$ cat structure.cif   # mmCIF, C-alpha atoms
data_input
#
loop_
_atom_site.label_atom_id
_atom_site.label_comp_id
_atom_site.auth_asym_id
_atom_site.auth_seq_id
_atom_site.Cartn_x
_atom_site.Cartn_y
_atom_site.Cartn_z
CA MET T 14 -35.66 -32.53 -17.18
CA SER T 15 -32.86 -32.50 -19.66
CA LEU T 16 -29.84 -30.49 -18.72
CA ASP T 17 -27.78 -28.67 -21.28
CA PHE T 18 -24.18 -28.97 -20.16
CA LYS T 19 -23.00 -26.13 -22.40
CA GLN T 20 -25.65 -23.90 -20.88
CA VAL T 21 -24.39 -24.62 -17.36
CA VAL T 22 -20.80 -23.84 -18.35
CA SER T 23 -21.81 -20.56 -19.93
CA ASP T 24 -23.88 -19.65 -16.82
CA PHE T 25 -20.76 -20.25 -14.75
CA LYS T 26 -18.45 -18.21 -17.00
CA ASN T 27 -20.95 -15.39 -17.17
CA GLY T 28 -20.20 -14.16 -13.64
CA LEU T 29 -16.43 -14.35 -14.01
CA TRP T 30 -16.14 -11.78 -16.78
CA ALA T 31 -19.03 -10.93 -19.14
CA GLU T 32 -21.45 -10.04 -16.34
CA ASN T 33 -18.97 -9.71 -13.48
CA PRO T 34 -20.95 -8.22 -10.56
CA ILE T 35 -18.39 -5.54 -9.70
CA ILE T 36 -16.72 -4.45 -12.92
CA ARG T 37 -19.63 -5.02 -15.33
CA LEU T 38 -22.88 -4.78 -13.37
CA VAL T 39 -21.40 -2.47 -10.70
CA ILE T 40 -23.50 -3.89 -7.87
CA GLY T 41 -22.53 -4.83 -4.33
CA MET T 42 -20.46 -1.67 -4.00
CA CYS T 43 -20.77 -1.30 -0.20
CA PRO T 44 -18.48 -4.23 0.77
CA THR T 45 -16.40 -3.68 -2.38
CA LEU T 46 -15.36 -0.23 -1.25
CA ALA T 47 -15.43 -0.73 2.51
CA VAL T 48 -13.50 -3.91 3.30
CA THR T 49 -10.91 -4.19 0.55
CA ASN T 50 -8.19 -2.34 2.47
CA THR T 51 -6.25 -5.59 2.84
CA THR T 52 -6.02 -8.67 0.61
CA GLU T 53 -7.13 -10.98 3.42
CA ASN T 54 -10.26 -8.95 4.13
CA GLY T 55 -11.12 -8.92 0.43
CA LEU T 56 -10.76 -12.70 0.19
CA ALA T 57 -12.79 -13.37 3.36
CA MET T 58 -15.56 -11.01 2.28
CA GLY T 59 -15.65 -12.53 -1.21
CA LEU T 60 -15.87 -16.10 0.09
CA ALA T 61 -18.51 -15.23 2.71
CA THR T 62 -20.64 -13.52 0.06
CA ALA T 63 -20.12 -16.40 -2.39
CA PHE T 64 -21.25 -18.92 0.24
CA VAL T 65 -24.44 -16.98 0.98
CA LEU T 66 -25.09 -16.46 -2.74
CA ILE T 67 -24.67 -20.13 -3.70
CA SER T 68 -26.67 -21.50 -0.74
CA SER T 69 -29.60 -19.14 -1.21
CA GLU T 70 -29.64 -19.70 -4.98
CA ILE T 71 -29.89 -23.46 -4.36
CA VAL T 72 -32.72 -23.12 -1.83
CA ILE T 73 -34.67 -20.58 -3.85
CA SER T 74 -34.37 -22.46 -7.15
CA LEU T 75 -35.69 -25.56 -5.31
CA ILE T 76 -38.72 -23.90 -3.74
CA LYS T 77 -39.42 -21.25 -6.39
CA LYS T 78 -42.73 -22.88 -7.42
CA LEU T 79 -44.03 -22.84 -3.84
CA ILE T 80 -43.49 -19.13 -3.17
CA PRO T 81 -46.43 -16.85 -4.02
CA THR T 82 -45.12 -14.10 -6.32
CA ASN T 83 -46.54 -11.35 -4.08
CA VAL T 84 -44.31 -12.30 -1.16
CA ARG T 85 -41.25 -13.46 -3.05
CA ILE T 86 -39.01 -10.56 -1.96
CA PRO T 87 -39.59 -11.03 1.81
CA SER T 88 -39.19 -14.78 1.36
CA PHE T 89 -35.86 -14.30 -0.43
CA ILE T 90 -34.64 -11.89 2.26
CA LEU T 91 -35.57 -14.33 5.03
CA ILE T 92 -33.64 -17.13 3.36
CA ILE T 93 -30.63 -14.89 2.67
CA ALA T 94 -30.66 -13.56 6.26
CA THR T 95 -30.62 -17.12 7.62
CA PHE T 96 -27.45 -17.95 5.71
CA VAL T 97 -25.81 -14.64 6.61
CA THR T 98 -26.49 -15.20 10.33
CA PHE T 99 -24.97 -18.64 9.97
CA VAL T 100 -21.82 -17.17 8.38
CA ASP T 101 -21.65 -14.50 11.09
CA TYR T 102 -21.71 -17.06 13.94
CA PHE T 103 -19.37 -19.38 12.05
CA LEU T 104 -16.71 -16.71 11.53
CA LYS T 105 -16.97 -15.50 15.14
CA ALA T 106 -16.54 -19.06 16.42
CA PHE T 107 -13.76 -20.35 14.16
CA PHE T 108 -12.12 -17.28 12.58
CA PRO T 109 -12.34 -14.61 15.29
CA GLY T 110 -9.58 -12.54 13.67
CA ILE T 111 -11.37 -12.27 10.34
CA ALA T 112 -14.71 -11.68 12.08
CA ALA T 113 -13.18 -8.78 14.01
CA SER T 114 -11.72 -7.11 10.93
CA LEU T 115 -14.89 -7.48 8.83
CA SER T 116 -17.05 -6.52 11.86
CA ILE T 117 -20.34 -4.93 10.76
CA PHE T 118 -19.91 -5.85 7.10
CA VAL T 119 -20.74 -9.52 7.70
CA PRO T 120 -24.37 -8.89 8.82
CA LEU T 121 -24.60 -6.31 6.02
CA ILE T 122 -24.24 -9.08 3.41
CA VAL T 123 -28.04 -9.45 3.82
CA VAL T 124 -28.56 -6.20 1.97
CA ASN T 125 -25.89 -6.78 -0.67
CA CYS T 126 -27.93 -6.20 -3.82
CA LEU T 127 -25.80 -8.73 -5.71
CA ILE T 128 -27.41 -11.54 -3.70
CA LEU T 129 -31.04 -10.41 -3.87
CA GLY T 130 -30.51 -9.42 -7.50
CA ARG T 131 -29.36 -12.90 -8.53
CA GLN T 132 -32.31 -14.54 -6.72
CA GLU T 133 -34.75 -12.29 -8.54
CA ALA T 134 -33.04 -12.36 -11.94
CA PHE T 135 -31.79 -15.93 -12.01
CA ALA T 136 -32.51 -18.45 -9.24
CA SER T 137 -36.27 -17.82 -9.19
CA GLN T 138 -36.51 -18.51 -12.93
CA HIS T 139 -34.05 -21.29 -13.66
CA SER T 140 -33.36 -24.91 -12.69
CA THR T 141 -31.22 -25.78 -9.67
CA PRO T 142 -28.10 -26.91 -11.60
CA ARG T 143 -28.12 -23.67 -13.58
CA ALA T 144 -28.66 -21.69 -10.36
CA ILE T 145 -25.65 -23.41 -8.76
CA ALA T 146 -23.51 -22.59 -11.83
CA ASP T 147 -24.66 -18.98 -11.68
CA GLY T 148 -24.00 -18.74 -7.93
CA VAL T 149 -20.50 -20.22 -8.17
CA GLY T 150 -19.63 -18.04 -11.18
CA MET T 151 -20.97 -14.84 -9.67
CA GLY T 152 -19.46 -15.65 -6.26
CA LEU T 153 -16.01 -16.30 -7.72
CA GLY T 154 -16.35 -13.28 -10.00
CA PHE T 155 -17.08 -11.14 -6.95
CA THR T 156 -14.24 -12.72 -4.96
CA TRP T 157 -11.46 -12.31 -7.52
CA VAL T 158 -12.18 -8.63 -8.01
CA LEU T 159 -12.27 -8.05 -4.22
CA VAL T 160 -8.94 -9.88 -3.82
CA LEU T 161 -7.37 -7.88 -6.66
CA LEU T 162 -8.66 -4.59 -5.20
CA GLY T 163 -7.44 -5.56 -1.73
CA ALA T 164 -4.03 -6.58 -3.07
CA ILE T 165 -3.53 -3.31 -4.96
CA ARG T 166 -4.63 -1.20 -2.00
CA GLU T 167 -2.60 -3.16 0.56
CA PHE T 168 0.48 -3.10 -1.66
CA PHE T 169 0.49 0.67 -2.13
CA GLY T 170 -1.03 1.53 1.24
CA MET T 171 1.08 -0.70 3.49
CA GLY T 172 3.76 -2.19 1.24
CA SER T 173 2.56 -5.75 1.88
CA ILE T 174 0.27 -8.42 0.43
CA PHE T 175 -1.61 -10.93 2.63
CA GLY T 176 0.26 -9.33 5.55
CA PHE T 177 3.71 -10.20 4.15
CA THR T 178 5.87 -7.12 3.84
CA LEU T 179 7.16 -6.85 0.29
CA LEU T 180 8.51 -3.33 0.30
CA GLY T 181 11.18 -2.46 2.83
CA GLU T 182 11.59 0.35 5.30
CA TRP T 183 12.47 2.79 2.51
CA TYR T 184 8.92 2.70 1.18
CA ARG T 185 6.70 5.45 2.52
CA PRO T 186 3.14 4.00 2.43
CA MET T 187 0.48 5.91 0.50
CA VAL T 188 -2.02 6.08 3.34
CA ILE T 189 -4.77 7.30 1.01
CA MET T 190 -4.89 3.86 -0.61
CA ILE T 191 -6.25 2.18 2.52
CA LEU T 192 -8.67 5.04 3.23
CA PRO T 193 -12.09 5.13 1.50
CA ALA T 194 -10.80 7.51 -1.19
CA GLY T 195 -8.25 4.90 -2.27
CA ALA T 196 -11.07 2.41 -2.83
CA PHE T 197 -12.87 4.74 -5.23
CA ILE T 198 -9.68 5.58 -7.13
CA THR T 199 -8.57 1.94 -7.46
CA LEU T 200 -12.03 0.72 -8.47
CA GLY T 201 -12.38 3.47 -11.07
CA ILE T 202 -9.03 2.69 -12.68
CA LEU T 203 -9.77 -1.05 -12.56
CA VAL T 204 -13.17 -0.68 -14.27
CA GLY T 205 -11.55 1.54 -16.89
CA ILE T 206 -8.83 -1.03 -17.64
CA MET T 207 -11.38 -3.87 -17.80
CA ASN T 208 -13.56 -1.88 -20.22
CA GLN T 209 -10.55 -1.25 -22.43
CA ILE T 210 -9.63 -4.94 -22.44
CA SER T 211 -13.12 -6.12 -23.36
CA ARG T 212 -13.43 -3.45 -26.07
CA GLU T 213 -10.20 -4.61 -27.69
CA GLY T 214 -11.37 -8.22 -27.50
CA LYS T 215 -14.30 -7.49 -29.80
CA MET P 21 -55.82 -22.98 -2.70
CA GLU P 22 -55.06 -20.10 -4.99
CA LYS P 23 -51.35 -19.33 -5.17
CA ASN P 24 -51.50 -15.62 -4.36
CA SER P 25 -54.28 -15.80 -1.76
CA LYS P 26 -53.68 -14.15 1.59
CA LYS P 27 -53.65 -17.53 3.26
CA ALA P 28 -50.93 -18.86 0.94
CA MET P 29 -48.76 -15.82 1.51
CA ILE P 30 -49.06 -16.03 5.30
CA ILE P 31 -48.38 -19.77 5.34
CA THR P 32 -45.32 -19.39 3.08
CA LEU P 33 -43.69 -16.63 5.10
CA ALA P 34 -44.49 -18.28 8.44
CA THR P 35 -43.06 -21.60 7.27
CA ILE P 36 -39.83 -20.04 6.02
CA GLY P 37 -39.55 -18.07 9.27
CA ILE P 38 -40.04 -21.14 11.47
CA ILE P 39 -37.56 -23.28 9.52
CA SER P 40 -35.00 -20.47 9.56
CA ALA P 41 -35.43 -19.92 13.32
CA LEU P 42 -35.05 -23.65 13.98
CA LEU P 43 -31.86 -23.90 11.92
CA LEU P 44 -30.35 -20.82 13.53
CA THR P 45 -31.14 -22.17 17.01
CA PHE P 46 -28.93 -25.17 16.26
CA VAL P 47 -26.19 -22.98 14.78
CA TYR P 48 -26.32 -20.74 17.85
CA GLU P 49 -26.10 -23.71 20.24
CA TRP P 50 -23.19 -25.10 18.25
CA THR P 51 -21.09 -21.93 17.94
CA THR P 52 -21.73 -20.16 21.29
CA PRO P 53 -19.21 -22.19 23.35
CA TYR P 54 -16.50 -21.46 20.75
CA ILE P 55 -17.35 -17.76 20.64
CA GLN P 56 -17.23 -17.49 24.45
CA ALA P 57 -13.96 -19.43 24.59
CA ASN P 58 -12.48 -17.05 22.01
CA GLN P 59 -13.50 -14.02 24.03
CA ALA P 60 -12.15 -15.46 27.29
CA LYS P 61 -8.88 -16.36 25.57
CA LYS P 62 -8.56 -12.88 24.10
CA GLN P 63 -9.13 -11.31 27.52
CA LYS P 64 -6.61 -13.56 29.24
CA GLN P 65 -4.06 -12.77 26.54
CA ALA P 66 -4.64 -9.06 26.99
CA ILE P 67 -4.18 -9.33 30.78
CA ASN P 68 -0.99 -11.35 30.33
CA GLU P 69 0.27 -8.71 27.98
CA VAL P 70 -0.05 -5.89 30.50
CA LEU P 71 0.91 -7.73 33.71
CA PRO P 72 4.20 -9.67 33.84
CA LYS P 73 4.37 -13.28 35.05
CA VAL P 74 0.72 -13.60 35.98
CA GLU P 75 -0.47 -17.15 36.63
CA LYS P 76 -3.86 -16.61 38.23
CA ILE P 77 -6.42 -13.91 37.53
CA LYS P 78 -9.13 -12.88 39.97
CA GLU P 79 -12.07 -10.74 38.94
CA VAL P 80 -12.98 -8.13 41.55
CA GLU P 81 -15.82 -5.64 41.43
CA LYS P 82 -15.26 -2.33 43.17
CA ASN P 83 -17.23 0.91 42.84
CA GLY P 84 -19.21 -0.65 40.00
CA SER P 85 -16.15 -1.39 37.83
CA VAL P 86 -14.46 -4.72 37.24
CA PHE P 87 -10.75 -5.03 38.06
CA TYR P 88 -8.56 -8.02 37.27
CA GLU P 89 -6.07 -8.81 40.03
CA GLY P 90 -3.11 -10.79 38.78
CA TYR P 91 -1.21 -13.18 41.05
CA ASP P 92 2.09 -14.92 40.31
CA ALA P 93 2.89 -18.60 40.84
CA SER P 94 3.58 -18.17 44.57
CA GLY P 95 0.36 -16.25 45.18
CA ASN P 96 1.75 -12.72 45.47
CA GLN P 97 -0.21 -9.92 43.88
CA VAL P 98 1.65 -8.68 40.83
CA GLY P 99 -0.70 -5.91 39.92
CA VAL P 100 -4.11 -4.94 38.69
CA ALA P 101 -5.43 -4.81 35.14
CA PHE P 102 -8.34 -2.60 34.21
CA ILE P 103 -10.30 -2.02 31.00
CA SER P 104 -11.08 1.59 30.24
CA SER P 105 -12.70 3.08 27.18
CA GLY P 106 -13.48 6.48 25.79
CA GLY P 107 -14.01 8.40 22.57
CA GLY P 108 -11.18 8.57 20.07
CA TYR P 109 -10.92 10.44 16.78
CA ASN P 110 -13.25 7.96 15.16
CA GLY P 111 -15.29 5.79 17.52
CA VAL P 112 -14.52 4.19 20.85
CA ILE P 113 -11.03 3.19 21.97
CA LYS P 114 -10.82 0.36 24.50
CA ILE P 115 -7.61 -0.01 26.45
CA MET P 116 -6.34 -2.58 28.95
CA ILE P 117 -3.99 -1.08 31.52
CA GLY P 118 -1.76 -2.99 33.90
CA VAL P 119 -0.52 -1.20 37.03
CA ASP P 120 1.80 -2.00 39.89
CA LEU P 121 0.09 -0.85 43.09
CA LYS P 122 3.25 -1.04 45.22
CA SER P 123 5.25 1.49 43.27
CA ASN P 124 2.24 3.27 41.71
CA GLU P 125 3.52 2.66 38.22
CA ILE P 126 1.96 1.61 34.96
CA TYR P 127 3.40 -1.67 33.74
CA LYS P 128 2.11 -1.60 30.20
CA ILE P 129 -0.96 -0.77 28.16
CA SER P 130 -2.67 -2.70 25.40
CA ILE P 131 -5.20 -1.33 22.91
CA LEU P 132 -8.05 -3.85 22.73
CA ASN P 133 -10.28 -2.12 20.24
CA HIS P 134 -10.24 1.04 18.15
CA GLN P 135 -11.46 2.50 14.88
CA GLU P 136 -8.79 5.14 14.35
CA THR P 137 -7.61 6.10 10.86
CA PRO P 138 -5.41 3.33 9.41
CA GLY P 139 -1.82 4.44 9.06
CA LEU P 140 -2.28 7.50 11.28
CA GLY P 141 -4.33 7.14 14.47
CA ALA P 142 -4.12 3.36 14.22
CA ARG P 143 -0.47 3.69 15.18
CA ILE P 144 -1.61 4.00 18.82
CA THR P 145 -1.29 0.20 18.77
CA GLY P 146 2.37 0.47 17.79
CA LYS P 147 5.23 -0.20 20.23
CA LYS P 148 6.66 3.28 19.86
CA PHE P 149 3.55 5.04 21.10
CA LYS P 150 2.70 2.52 23.81
CA SER P 151 6.20 2.81 25.23
CA ASN P 152 5.17 6.34 26.26
CA PHE P 153 3.32 4.74 29.15
CA LYS P 154 5.63 1.87 29.97
CA ASN P 155 6.78 1.96 33.62
CA LYS P 156 5.46 5.49 34.05
CA PRO P 157 4.50 6.76 37.52
CA PHE P 158 0.85 7.73 38.05
CA GLY P 159 0.21 11.36 37.31
CA ASP P 160 -1.24 13.97 35.04
CA TYR P 161 0.17 13.53 31.59
CA THR P 162 0.65 16.21 28.99
CA VAL P 163 0.74 15.45 25.30
CA VAL P 164 3.68 17.05 23.50
CA LYS P 165 4.77 17.04 19.88
CA THR P 166 8.51 16.95 20.52
CA PRO P 167 10.47 14.16 22.24
CA PRO P 168 9.45 14.22 25.92
CA SER P 169 11.77 15.84 28.41
CA LYS P 170 9.78 14.95 31.54
CA GLU P 171 8.44 11.60 32.71
CA THR P 172 4.82 12.72 32.56
CA GLN P 173 5.09 13.90 28.97
CA VAL P 174 3.63 11.81 26.19
CA GLN P 175 4.87 12.20 22.64
CA ALA P 176 1.99 12.45 20.20
CA ILE P 177 1.93 10.51 16.93
CA ALA P 178 2.61 12.85 14.02
CA GLY P 179 -0.69 13.51 12.26
CA ALA P 180 -2.73 11.90 15.02
CA THR P 181 -2.69 14.32 17.92
CA ILE P 182 -6.37 13.73 18.70
CA SER P 183 -5.92 9.96 18.90
CA SER P 184 -2.85 10.43 21.12
CA ARG P 185 -4.73 12.80 23.43
CA SER P 186 -7.72 10.44 23.61
CA VAL P 187 -5.54 7.52 24.66
CA THR P 188 -3.84 9.68 27.29
CA LYS P 189 -7.19 10.83 28.66
CA ILE P 190 -8.57 7.28 28.79
CA ILE P 191 -5.48 6.20 30.75
CA GLU P 192 -5.79 9.10 33.17
CA ASP P 193 -9.46 8.16 33.74
CA ALA P 194 -8.45 4.57 34.41
CA LEU P 195 -5.75 5.60 36.89
CA GLY P 196 -8.33 7.76 38.70
CA LYS P 197 -10.66 4.78 39.00
CA ILE P 198 -7.88 2.46 40.17
CA ASN P 199 -6.78 5.03 42.71
CA SER P 200 -10.25 5.44 44.18
CA ALA P 201 -10.87 1.68 44.25
CA TYR P 202 -7.52 0.75 45.81
CA GLY P 203 -6.99 3.88 47.87
CA GLY P 204 -4.04 5.01 45.80
CA GLY P 205 -1.87 2.35 47.39
CA ASN P 206 -0.74 4.75 50.11
#

$ encode --input "structure.cif" --output "structure tokens"
Amino acid sequence: MSLDFKQVVSDFKNGLWAENPIIRLVIGMCPTLAVTNTTENGLAMGLATAFVLISSEIVISLIKKLIPTNVRIPSFILIIATFVTFVDYFLKAFFPGIAASLSIFVPLIVVNCLILGRQEAFASQHSTPRAIADGVGMGLGFTWVLVLLGAIREFFGMGSIFGFTLLGEWYRPMVIMILPAGAFITLGILVGIMNQISREGK
Amino acid sequence: MEKNSKKAMIITLATIGIISALLLTFVYEWTTPYIQANQAKKQKQAINEVLPKVEKIKEVEKNGSVFYEGYDASGNQVGVAFISSGGGYNGVIKIMIGVDLKSNEIYKISILNHQETPGLGARITGKKFKSNFKNKPFGDYTVVKTPPSKETQVQAIAGATISSRSVTKIIEDALGKINSAYGGGN
């Protein structure tokens, strides 16, 4: 099977901007809104999701011909759930602090529609190298937006980034930014800015 | 065999399920010791935080609750730590309390787990609020909104009166249980 290198690169870039899961496709909103109250949580959630996405895209693109189309969705979910359970145990064993702050949102990665969506739309129809490129691109695309959201919310809500206090005692934190409402406001403004940027680029 | 036959579907799903279960068994075996060690470490840290100079910890069960008796290097009992939990403003609050049974005083408290509002109720974990209970005699506490004038008064966190009251109630419950298990120390 010949592999078009340019194609792989464009699959990778796709997830970073043009079809970014959060700001373009607007999927995977549950973790996006729920766990981005600090930069660290955003980064951990993004990387955990990226790991599950890449691993399941590899497995599914490898065995796509063996799966009967009628049971493809339950098969995908089983494979995704296996990787999510792995991540859950792994975080609890080696990063107990992160596991405690993400709590219920780690097992909930199973139902993140970004992951199932990419299996259905991409991994089950393309070759493994292209699926890896798509997984890495989408995973990083998801992660950088979560980190940015977390950084903005932590900065205004607590006056710090990655737990380092940047604003002194004089700063009165905007508590709303680390509450759910702050997530909606920040995400809305962010999507608006991104739309403006890509419109001007045309 | 036809690809979408019933047999093919059953075999596919069963195979994926079995492989996934096998893999997760190994992952479970591998991570469980680390997870348990983490939990034990966290608990020991919490006990050390509420009881001063504890070297050895003994788990004792009385009246159906577990108490942690802390002993110092020379084997004298320093005090007792107890985990108590109850409803907060938003989910369960779990608190570790260390008490001195000789003088009937609270040493210190430590919030193990909570889901209070960040920035408001979450400040129950802050030093300022916890110092409300530091070296306090056992008793009925009242939550007040102004700086306390009596020893049994607890100053609420501004904007988080419910969280402050919940913590106070959980501590009173715990003191009741310690009193009935250890006879009040009298």

$ atom_distance --input "structure.cif" --atom1 "CA of Leu200 (chain T)" --atom2 "CA of Leu162 (chain T)"
7.1 Å

$ closest_residue --input "structure.cif" --among "T:Phe108, T:Trp30, T:Phe175, T:Phe118" --to "chain P" --atoms "all atoms listed in the file"
T:Phe108

$ resolve_selection --input "structure.cif" --expression "the PyMOL selection byres ((chain P and resi 163-166) around 8)" --output "list in words"
Tyr161, Thr162, Pro167, Pro168, Gln173, Val174, Gln175, Ala176, Ile177, Ala178, Ser184, Arg185 and Thr188 of chain P

$ atom_distance --input "structure.cif" --atom1 "CA of Gly201 (chain T)" --atom2 "CA of Phe177 (chain T)"
26.0 Å

$ residues_around --input "structure.cif" --residues "Val160 (chain T)" --least-positions-apart "6" --cutoff "6 Å" --atoms "all atoms listed in the file" --output "PyMOL selection string"
chain T and resi 52+55-56

$ interface_residues --input "structure.cif" --of "chain T" --to "chain P" --cutoff "10 Å" --atoms "all atoms listed in the file" --output "ChimeraX atom specification"
/T:50,78-85,87-89,91-96,98-100,102-110,113,170-171,186-189,191-192
